[in-house]
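S.K.: What follows is a single structure, and I will ask about it in a moment.
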Amino acid sequence: MQPGALIPVPDPIPVHWAIPETLMLATFVVHILLMNAFFGTAMLSLAQTLWGKDDSPGLHAVAKLMPTSTALTVNAGVAPLLFMQVLYGHFFYISDVMLAFWWFSVIGLVIVAYYGAYVWDFRFAGLGRGGRTLVLAFLVAVLFLISFVFVNNFTLMLTPKRWLMYFAEPGGTLLNLGEPTLFPRWLHFITAALAVGGLTQAVLWTIKAKRGADPEYAAGRIRQGMKVFSGFTLLQGLVGSWFLASLPDEVAKRLMGGHGLSTGVFLLALAAAVVTLAFGFRAKVWPALTSLVVTVVLMACVRELVRIGYLAPYFFPADLPVRT
């Protein structure tokens with residue numbers, strides 16, 4: 001059976017495809033920034049409780065933000081997911097079915113993560129260092145699992161050739177573990193979250209310093225956050241090179257001169273990343289944040305162009321029928 005025969009006929013959309021495309025990218029940028037700040041901060045806090053000195057004031061300041069940041073991250077993620085389904089639903093729903101058990105488990109995992117964020121905040125003092133470490137470790141483990149399921153789903157929807165696996169294992173428990181880009185894509189996301197988590201710490205204590213926090217303590221936290229941001233941004237570049245090398249040749253070539261728009265946006269994203277890294281090493285908090293937002297916008301566009309490249313043999317969003 002040819003993989004293309006498994007792709008359903010897409011439903012008509014009510015507007016020009018560029019409208020949901022633009023809205024998907026805009027809302028995705030908001031979601032990814034919030035999610036990286038939340039996930040990265042949680043991972044860095046866990047590392048501090050495991051290997052750092054007991055810094056209850058610093059950790060408690062982060063804990064107070066966790067319930068709100070969890071809610072914002074989850075709600076901001078709904079919109080890009082819905083807009084993506086408008087354009088790519090006939091691919092996305094197939095991958096949903098193939099890993100249905102894992103995909104439906106995300107609902108429960110998000111609820112558990114939300115509860116863990118509340119426990120870490122509301123029971124912070126009573127938990128003690130050991131209790132806080134256990135709660136944080138559980139929260140981070142759940143977030144790792146959620147992110148891994150998402151990456152499996154989003155890579156599987158791009159590879160109809162792998163859909164034939166369903167006929168050997170139709171129980172909805174498949175994972176896309178044989179996909180060459182799976183782990184570099186996932187690690188690229190993890191290192192990005194750690195970098196943004198460091199910048200989030202620097203921004204938080206920059207604001208607190210202006211509101212009367214101990215200047216020396218705040219300055220130390222800002223320096224630490226910017227070092228983490230710079231280090232993991234640099235590491236993300238190395239992981240990104242692995243990710244680029246793992247892409248199929250026809251997709252990678254689009255970014256390396258084979259497609260004018262894709263190559264141009266990719267080069268702009270790399271330039272923005274270099275500028276962001278320079279601000280990070282110089283501990284320029286607000287310029288680094290501004291440059292990061294620009295970089296994420298460009299990287300989101302690169303991500304979408306890669307998706308279009310993957311699906312080019314089967315589909316292009318402009319081919320969707322429009323019924324106003």
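Going through the structure tokens in order, the chains are called A, B, and so on, while each chain numbers its residues from 1 and the ligands are numbered from 1 in the order shown.
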What are the closest atom pairs, with distances in Å to one decimal, for all residues of segment 32-129 of chain A lying within 10 Å of segment 148-155 of chain A? Consider only C-alpha atoms, order rows by chain and residue number, and present the result as CSV.

M.R.:
```
residue,atom,partner,partner_atom,distance
A:Phe91,CA,A:Phe154,CA,9.5
A:Phe92,CA,A:Phe154,CA,7.5
A:Tyr93,CA,A:Asn153,CA,9.6
A:Ile94,CA,A:Asn153,CA,9.5
A:Ser95,CA,A:Asn153,CA,5.9
A:Asp96,CA,A:Asn153,CA,6.7
A:Val97,CA,A:Asn153,CA,9.8
A:Met98,CA,A:Asn153,CA,8.8
A:Leu99,CA,A:Asn153,CA,7.4
A:Ala100,CA,A:Asn153,CA,9.6
A:Trp102,CA,A:Val149,CA,6.5
A:Trp103,CA,A:Val149,CA,6.8
A:Ser105,CA,A:Val149,CA,9.2
A:Val106,CA,A:Val149,CA,7.8
```

S.K.: Within 12 Å of Met165 of chain A, counting only C-alpha atoms, which residues show up once you throw out same-chain ones fewer than 3 positions away? Write them as a CSV table (one decimal) with all heavy atoms, in the first residue's frame, please.

M.R.:
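Okay, this is what ended up in around29.csv:
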```
chain,number,residue,atom,x,y,z
A,1,MET,N,0.8,-1.2,0.0
A,1,MET,CA,0.0,0.0,0.0
A,1,MET,C,0.9,1.3,0.0
A,1,MET,O,1.9,1.3,0.8
A,1,MET,CB,-0.9,0.0,1.2
A,1,MET,CG,-1.9,1.2,1.3
A,1,MET,SD,-2.9,1.2,2.8
A,1,MET,CE,-3.9,-0.2,2.5
A,3,PRO,N,1.8,5.0,1.0
A,3,PRO,CA,1.5,5.9,2.1
A,3,PRO,C,0.4,6.9,1.8
A,3,PRO,O,-0.4,7.3,2.6
A,3,PRO,CB,2.8,6.5,2.5
A,3,PRO,CG,3.8,5.5,2.0
A,3,PRO,CD,3.3,4.9,0.8
A,6,LEU,N,-3.3,6.4,2.5
A,6,LEU,CA,-3.8,6.4,3.8
A,6,LEU,C,-4.2,7.8,4.3
A,6,LEU,O,-4.8,8.0,5.4
A,6,LEU,CB,-2.7,5.9,4.8
A,6,LEU,CG,-2.2,4.5,4.5
A,6,LEU,CD1,-1.0,4.1,5.5
A,6,LEU,CD2,-3.3,3.5,4.7
A,94,ILE,N,-4.6,11.2,12.2
A,94,ILE,CA,-4.0,9.8,12.0
A,94,ILE,C,-3.0,9.5,13.0
A,94,ILE,O,-3.0,8.4,13.6
A,94,ILE,CB,-3.4,9.7,10.5
A,94,ILE,CG1,-4.5,10.0,9.5
A,94,ILE,CG2,-2.8,8.4,10.4
A,94,ILE,CD1,-5.6,9.0,9.5
A,95,SER,N,-2.1,10.4,13.2
A,95,SER,CA,-1.0,10.2,14.3
A,95,SER,C,-1.7,10.1,15.7
A,95,SER,O,-1.2,9.3,16.5
A,95,SER,CB,0.0,11.3,14.2
A,95,SER,OG,-0.5,12.5,14.4
A,97,VAL,N,-4.5,8.7,16.4
A,97,VAL,CA,-5.1,7.4,16.5
A,97,VAL,C,-4.0,6.4,16.7
A,97,VAL,O,-4.1,5.4,17.6
A,97,VAL,CB,-5.9,7.0,15.2
A,97,VAL,CG1,-6.3,5.6,15.2
A,97,VAL,CG2,-7.1,7.9,15.1
A,98,MET,N,-2.9,6.5,16.1
A,98,MET,CA,-1.8,5.6,16.2
A,98,MET,C,-1.2,5.5,17.6
A,98,MET,O,-0.7,4.5,18.0
A,98,MET,CB,-0.7,5.9,15.1
A,98,MET,CG,-1.2,5.7,13.7
A,98,MET,SD,0.1,6.0,12.5
A,98,MET,CE,1.2,4.6,12.8
A,99,LEU,N,-1.1,6.7,18.3
A,99,LEU,CA,-0.6,6.7,19.6
A,99,LEU,C,-1.7,7.2,20.6
A,99,LEU,O,-1.5,8.0,21.5
A,99,LEU,CB,0.7,7.5,19.8
A,99,LEU,CG,0.8,8.9,19.1
A,99,LEU,CD1,0.1,10.0,19.9
A,99,LEU,CD2,2.2,9.2,18.9
A,156,LEU,N,5.3,12.0,13.9
A,156,LEU,CA,4.5,10.9,13.2
A,156,LEU,C,3.6,11.5,12.2
A,156,LEU,O,3.4,10.9,11.1
A,156,LEU,CB,3.8,10.0,14.2
A,156,LEU,CG,3.1,8.8,13.7
A,156,LEU,CD1,4.1,7.9,13.1
A,156,LEU,CD2,2.4,8.0,14.8
A,159,THR,N,5.2,11.9,8.7
A,159,THR,CA,5.9,10.8,8.1
A,159,THR,C,4.8,9.7,7.7
A,159,THR,O,4.8,8.7,8.4
A,159,THR,CB,7.0,10.2,8.9
A,159,THR,OG1,6.5,10.0,10.3
A,159,THR,CG2,8.2,11.2,9.0
A,160,PRO,N,4.0,10.0,6.7
A,160,PRO,CA,3.0,9.0,6.3
A,160,PRO,C,3.6,7.6,6.0
A,160,PRO,O,2.9,6.6,6.1
A,160,PRO,CB,2.3,9.6,5.1
A,160,PRO,CG,2.5,11.1,5.3
A,160,PRO,CD,3.8,11.2,5.9
A,161,LYS,N,4.9,7.6,5.6
A,161,LYS,CA,5.5,6.3,5.3
A,161,LYS,C,5.5,5.4,6.5
A,161,LYS,O,5.5,4.1,6.4
A,161,LYS,CB,6.9,6.5,4.8
A,161,LYS,CG,6.9,7.1,3.4
A,161,LYS,CD,8.4,7.3,2.9
A,161,LYS,CE,8.4,8.0,1.6
A,161,LYS,NZ,9.8,8.2,1.1
A,162,ARG,N,5.5,6.0,7.7
A,162,ARG,CA,5.6,5.2,8.9
A,162,ARG,C,4.2,4.8,9.5
A,162,ARG,O,4.1,4.1,10.4
A,162,ARG,CB,6.4,6.0,10.0
A,162,ARG,CG,7.8,6.3,9.6
A,162,ARG,CD,8.6,7.0,10.8
A,162,ARG,NE,8.6,6.1,12.0
A,162,ARG,CZ,9.5,5.1,12.1
A,162,ARG,NH1,10.3,4.8,11.2
A,162,ARG,NH2,9.5,4.4,13.2
A,168,ALA,N,0.4,-3.4,12.0
A,168,ALA,CA,1.1,-4.5,12.8
A,168,ALA,C,0.8,-4.3,14.3
A,168,ALA,O,0.8,-5.2,15.1
A,168,ALA,CB,2.6,-4.4,12.6
A,169,GLU,N,0.4,-3.0,14.7
A,169,GLU,CA,0.1,-2.7,16.1
A,169,GLU,C,-1.0,-1.7,16.2
A,169,GLU,O,-0.7,-0.5,16.4
A,169,GLU,CB,1.4,-2.2,16.8
A,169,GLU,CG,1.3,-2.2,18.3
A,169,GLU,CD,2.6,-1.8,19.0
A,169,GLU,OE1,3.6,-2.0,18.4
A,169,GLU,OE2,2.5,-1.3,20.1
A,170,PRO,N,-2.2,-2.1,16.0
A,170,PRO,CA,-3.4,-1.2,16.0
A,170,PRO,C,-4.0,-0.8,17.3
A,170,PRO,O,-5.1,-0.2,17.4
A,170,PRO,CB,-4.4,-1.9,15.1
A,170,PRO,CG,-4.2,-3.4,15.5
A,170,PRO,CD,-2.7,-3.5,15.8
A,171,GLY,N,-3.3,-1.0,18.4
A,171,GLY,CA,-3.8,-0.8,19.7
A,171,GLY,C,-3.7,0.6,20.2
A,171,GLY,O,-4.1,0.9,21.4
A,172,GLY,N,-3.1,1.5,19.5
A,172,GLY,CA,-3.0,2.9,19.9
A,172,GLY,C,-1.9,3.1,20.9
A,172,GLY,O,-1.8,4.2,21.6
A,173,THR,N,-0.9,2.2,20.9
A,173,THR,CA,0.2,2.4,21.9
A,173,THR,C,1.5,2.6,21.1
A,173,THR,O,2.6,2.6,21.8
A,173,THR,CB,0.4,1.1,22.7
A,173,THR,OG1,0.5,0.0,21.9
A,173,THR,CG2,-0.9,0.9,23.6
A,174,LEU,N,1.5,2.9,19.9
A,174,LEU,CA,2.7,3.2,19.1
A,174,LEU,C,3.4,4.4,19.5
A,174,LEU,O,2.8,5.4,19.9
A,174,LEU,CB,2.4,3.2,17.6
A,174,LEU,CG,2.1,1.9,16.9
A,174,LEU,CD1,1.5,2.2,15.5
A,174,LEU,CD2,3.4,1.1,16.7
A,175,LEU,N,4.7,4.4,19.5
A,175,LEU,CA,5.5,5.6,19.6
A,175,LEU,C,6.5,5.6,18.4
A,175,LEU,O,6.8,4.6,17.8
A,175,LEU,CB,6.4,5.6,20.9
A,175,LEU,CG,5.6,5.8,22.2
A,175,LEU,CD1,6.5,5.6,23.4
A,175,LEU,CD2,5.0,7.2,22.2
A,176,ASN,N,6.9,6.8,18.0
A,176,ASN,CA,7.6,7.0,16.7
A,176,ASN,C,9.1,6.9,17.0
A,176,ASN,O,9.9,7.7,16.5
A,176,ASN,CB,7.3,8.3,16.1
A,176,ASN,CG,7.6,8.4,14.6
A,176,ASN,OD1,7.7,7.4,13.9
A,176,ASN,ND2,7.8,9.6,14.1
A,177,LEU,N,9.5,5.8,17.7
A,177,LEU,CA,10.9,5.7,18.2
A,177,LEU,C,11.9,5.5,17.1
A,177,LEU,O,13.1,5.7,17.3
A,177,LEU,CB,11.0,4.5,19.2
A,177,LEU,CG,10.1,4.7,20.4
A,177,LEU,CD1,10.2,3.5,21.4
A,177,LEU,CD2,10.4,6.0,21.2
A,178,GLY,N,11.5,5.0,15.9
A,178,GLY,CA,12.4,4.7,14.8
A,178,GLY,C,12.7,6.0,14.0
A,178,GLY,O,13.5,5.9,13.0
```

S.K.: In terms of the shortest atom-to-atom distance over only C-alpha atoms, which of A:Val285, A:Ala18, A:Leu127, A:Val251 is closest to Leu311 of chain A?

M.R.: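 So, comparing all the options, the nearest one is A:Val251.
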
S.K.: For Leu158 of chain A, which residue among A:Ala312, A:Leu234, A:Leu194, A:Leu87 is the nearest when counting only C-alpha atoms?

M.R.: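 For Leu158 of chain A, the nearest of the given residues is A:Ala312.
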
S.K.: Tell me which protein, DNA and RNA residues are within 9 Å of Leu143 of chain A, counting only C-alpha atoms, leaving out same-chain ones fewer than 5 positions away, and put them as a ChimeraX atom specification.

M.R.: /A:39,109-110,113,138,148

S.K.: For the residues in that selection, give me all heavy atoms as a CSV table (one decimal), in the first residue's frame.

M.R.:
```csv
chain,number,residue,atom,x,y,z
A,39,PHE,N,8.7,25.2,32.0
A,39,PHE,CA,9.4,23.9,32.1
A,39,PHE,C,10.9,24.1,32.5
A,39,PHE,O,11.4,23.4,33.3
A,39,PHE,CB,9.3,23.2,30.7
A,39,PHE,CG,9.8,21.8,30.7
A,39,PHE,CD1,10.0,21.1,31.8
A,39,PHE,CD2,10.0,21.2,29.5
A,39,PHE,CE1,10.4,19.8,31.8
A,39,PHE,CE2,10.4,19.9,29.4
A,39,PHE,CZ,10.6,19.2,30.5
A,109,LEU,N,-2.0,13.7,32.6
A,109,LEU,CA,-0.7,14.1,33.0
A,109,LEU,C,-0.6,15.7,33.2
A,109,LEU,O,0.0,16.1,34.2
A,109,LEU,CB,0.4,13.8,31.9
A,109,LEU,CG,0.6,12.2,31.8
A,109,LEU,CD1,1.5,12.0,30.5
A,109,LEU,CD2,1.3,11.7,33.0
A,110,VAL,N,-1.3,16.4,32.4
A,110,VAL,CA,-1.3,17.9,32.6
A,110,VAL,C,-2.0,18.2,33.9
A,110,VAL,O,-1.6,19.1,34.6
A,110,VAL,CB,-2.1,18.5,31.4
A,110,VAL,CG1,-2.4,20.0,31.7
A,110,VAL,CG2,-1.2,18.5,30.2
A,113,ALA,N,0.4,17.5,36.6
A,113,ALA,CA,1.4,18.5,36.7
A,113,ALA,C,0.9,19.8,37.3
A,113,ALA,O,1.6,20.5,38.1
A,113,ALA,CB,1.9,18.8,35.2
A,138,PHE,N,8.9,14.9,40.6
A,138,PHE,CA,7.7,14.3,40.0
A,138,PHE,C,7.2,15.2,39.0
A,138,PHE,O,6.8,14.8,37.9
A,138,PHE,CB,6.7,14.0,41.1
A,138,PHE,CG,5.4,13.5,40.6
A,138,PHE,CD1,5.3,12.2,40.2
A,138,PHE,CD2,4.3,14.3,40.6
A,138,PHE,CE1,4.1,11.6,39.8
A,138,PHE,CE2,3.1,13.8,40.1
A,138,PHE,CZ,3.0,12.4,39.7
A,148,PHE,N,7.6,14.4,25.5
A,148,PHE,CA,8.0,13.3,24.6
A,148,PHE,C,6.8,12.8,23.8
A,148,PHE,O,7.0,12.5,22.6
A,148,PHE,CB,8.6,12.2,25.5
A,148,PHE,CG,9.3,11.1,24.7
A,148,PHE,CD1,10.4,11.4,23.9
A,148,PHE,CD2,8.8,9.8,24.8
A,148,PHE,CE1,11.0,10.4,23.2
A,148,PHE,CE2,9.4,8.8,24.0
A,148,PHE,CZ,10.5,9.1,23.3
```

S.K.: Mind running segment 22-59 of chain A against segment 204-222 of chain A at 12 Å and telling me each contacting residue's nearest atom pair with the distance in Å (one decimal), counting only C-alpha atoms, chain and number ascending, as a Markdown table?

M.R.:
```
| residue | atom | partner | partner_atom | distance |
| --- | --- | --- | --- | --- |
| A:Ala37 | CA | A:Leu204 | CA | 11.0 |
| A:Thr41 | CA | A:Leu204 | CA | 11.0 |
| A:Asp55 | CA | A:Arg221 | CA | 10.6 |
| A:Pro57 | CA | A:Tyr217 | CA | 10.1 |
| A:Gly58 | CA | A:Arg221 | CA | 8.1 |
| A:Leu59 | CA | A:Arg221 | CA | 10.9 |
```

S.K.: What's the separation between atom CA of Ala79 of chain A and atom CA of Thr181 of chain A, in Å to one decimal place?

M.R.: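 Spanning atom CA of Ala79 of chain A to atom CA of Thr181 of chain A is a straight-line distance of 25.4 Å.
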
S.K.: Would you work out the distance separating atom CA of Pro67 of chain A from atom CA of Ala26 of chain A, expressed in Å to one decimal?

M.R.: 23.7 Å

S.K.: Quick one: residues within 12 Å of Phe315 of chain A, only C-alpha atoms counted, chain neighbours fewer than 3 positions away excluded, as a list in words?

M.R.: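 Everything that qualifies: Gly4, Ile7, Pro8, Val9, Pro10, Leu87, Tyr88, Gly89, His90, Phe91, Leu158, Pro160, Arg307, Ile308, Gly309, Tyr310, Leu311, Ala312, Ala318, Asp319 and Leu320 of chain A.
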
S.K.: Any idea what's packed within 12 Å of Phe83 of chain A, counting only C-alpha atoms, ignoring anything in its chain fewer than 2 positions away? Could you give it as a list in words?

M.R.: Ile13, Val15, Trp17, Ala18, Ile19, Pro20, Glu21, Thr22, Leu23, Met24, Leu25, Ala26, Thr27, Phe28, Gly77, Val78, Ala79, Pro80, Leu81, Gln85, Val86, Leu87, Tyr88, Gly89 and Phe92 of chain A
